[in-house]
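Chemist: Below is one structure. I have some questions about it.
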2 protein chains.
Amino acid sequence: MSRLDSFIRRLEAQRACLGRAVALVEELDGAVLELGLGNGRTYDHLRELCPDRTIYVCEREVAAHPDCVPPAELLLLGDMRDTLRWARPRLEGRVALAHFDAATGDRATSLAFAAETAPLILPLLRAGGVLVSEPQIDAPGLWPLALPEGVAAGRYHLYRRSG
Amino acid sequence: MSRLDSFIRRLEAQRACLGRAVALVEELDGAVLELGLGNGRTYDHLRELCPDRTIYVCEREVAAHPDCVPPAELLLLGDMRDTLRWARPRLEGRVALAHFDAATGDRATSLAFAAETAPLILPLLRAGGVLVSEPQIDAPGLWPLALPEGVAAGRYHLYRRSG
């Protein structure tokens with residue numbers, strides 16, 4: 001498979017998982033948390049899928065397309081290992097859907113970063129809330145969910161926070 | 001349509017057009033010319049689709065994934081407005097398939113760059129050769145071809161050099 005094929009499959013998997021996650025939390029109140037803004041493509045997608053939810057965004061340094069920059073009051077700017085700690089008293093148990101895309105470009109680095117970040121994300125998720133993650137996350141309290149049809153195992157991940 | 005949707009459609013259109021172009025030149029001998037390497041995804045894809053063709057690559061400065069860097073003797077390094085002139089005596093009429101992706105991120109800039117570059121690409125294409133281009137190109141001697149099914153008009157372009 002070429003890198004073009006592989007990249008398209010990754011994006012399609014990402015889109016399918018975000019769509020599934022939004023459907024899974026339809027009955028749950030709560031905010032969306034985008035962990036990593038990047039160019040803003042998935043933020044824009046989530047904004048379209050969840051027009052009535054507040055979307056918080058963690059990003060080290062904003063480099064997104066100007067149309068995809070979140071309002072300042074919803075942007076947690078800085079290293080998310082710091083900002084998620086800062087956010088805890090404000091967002092604890094208030095997030096219905098989180099999306100984590102480390103986008104480090106390296107599998108081992110992504111896994112390590114995800115392992116380090118998961119304990120900071122988890123308390124923000126409400127019971128029944130869903131975490132969509134590119135890297136696999138192995139954390140107590142997170143239950144892996146079935147992937148949408150067409151998404152190969154391991155390409156993207158869906159987790160539900162236990163109640 | 002979100003930026004994620006739009007990006008996926010662009011990549012799918014790109015892949016469909018490259019596949020169509022390769023099929024269209026199946027009976028024609030000649031090299032492939034990749035105009036812009038970027039991260040190397042489409043170069044990798046063309047390499048997979050055309051394992052028996054020589055693939056020349058124009059790029060200002062290589063920033064591709066290490067797996068996707070062309071051999072030095074096939075890399076035309078520098079501003080393609082210079083390197084295409086340099087390549088003319090070597091490649092004139094020898095290219096069966098060219099792919100142009102200006103990747104400027106801005107429509108007007110891409111169109112202007114394409115208009116400036118087209119007269120340098122055209123002499124390298126052999127009669128019947130195909131040019132795949134993201135920006136529209138309006139040049140004498142290039143005939144627009146029908147797009148593959150599912151590719152919206154204007155999203156990507158296919159041209160055949162007249163005989």
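By order of appearance in the structure tokens: chains A, B, ..., then residues from 1 within every chain, and ligands from 1 in the order shown.
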So which residues touch stretch 87-101 of chain B within 8 Å, counting only C-alpha atoms, skipping near sequence neighbours fewer than 6 positions away, as a ChimeraX atom specification?

Modeler: /B:18,21-22,25,28-36,120,123-135

Chemist: Pick out the chain B residues within 9 Å of chain A. Count only C-alpha atoms. Give them as a list in words.

Modeler: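 The complete set of qualifying residues is Met1, Ser2, Arg3, Leu4, Asp5, Phe7, Ile8, Leu11, Glu12, Arg15, Gly40, Arg41, Thr42, Tyr43, Asp44, His45, Leu46, Arg47, Glu48 and Cys68 of chain B.
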
Chemist: One decimal, in Å: what's the spacing between atom CA of B:Ala16 and atom CA of B:Cys58?

Modeler: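 Computed distance, atom CA of B:Ala16 to atom CA of B:Cys58, equals 21.9 Å.
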
Chemist: Given only C-alpha atoms as the basis, pick out the residue of B:Leu74, B:Val151, B:Met80, B:Leu111 nearest to B:Arg53.

Modeler: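 Once distances to B:Arg53 are computed over only C-alpha atoms, the minimum belongs to B:Leu74.
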
Chemist: Just to confirm, what's the straight-line distance from atom CA of A:Leu147 to atom CA of A:Arg160 in Å (one decimal)?

Modeler: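 Atom CA of A:Arg160 lies 12.0 Å from atom CA of A:Leu147.
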
Chemist: As an exercise, work out the distance from atom CA of B:Thr117 to atom CA of B:Gly154 in Å and give it to one decimal place.

Modeler: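 Going from atom CA of B:Thr117 over to atom CA of B:Gly154, I get 18.9 Å.
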
Chemist: Based on the backbone DSSP call, show me all residues of chain A assigned strand (DSSP E), as a ChimeraX atom specification.

Modeler: /A:31-35,55-59,75-77,95-100,125-133,142-144,157-161

Chemist: Within chain B, find each residue whose DSSP state, derived from the backbone, is helix (DSSP H, G or I), and express the selection as a PyMOL selection string.

Modeler: chain B and resi 3-24+41-49+66-68+72-74+80-91+107-124

Chemist: I'd like to know which of A:Gly78, A:Tyr159, A:Gly38, A:Glu149 is closest to A:Ala118, using only C-alpha atoms.

Modeler: A:Tyr159
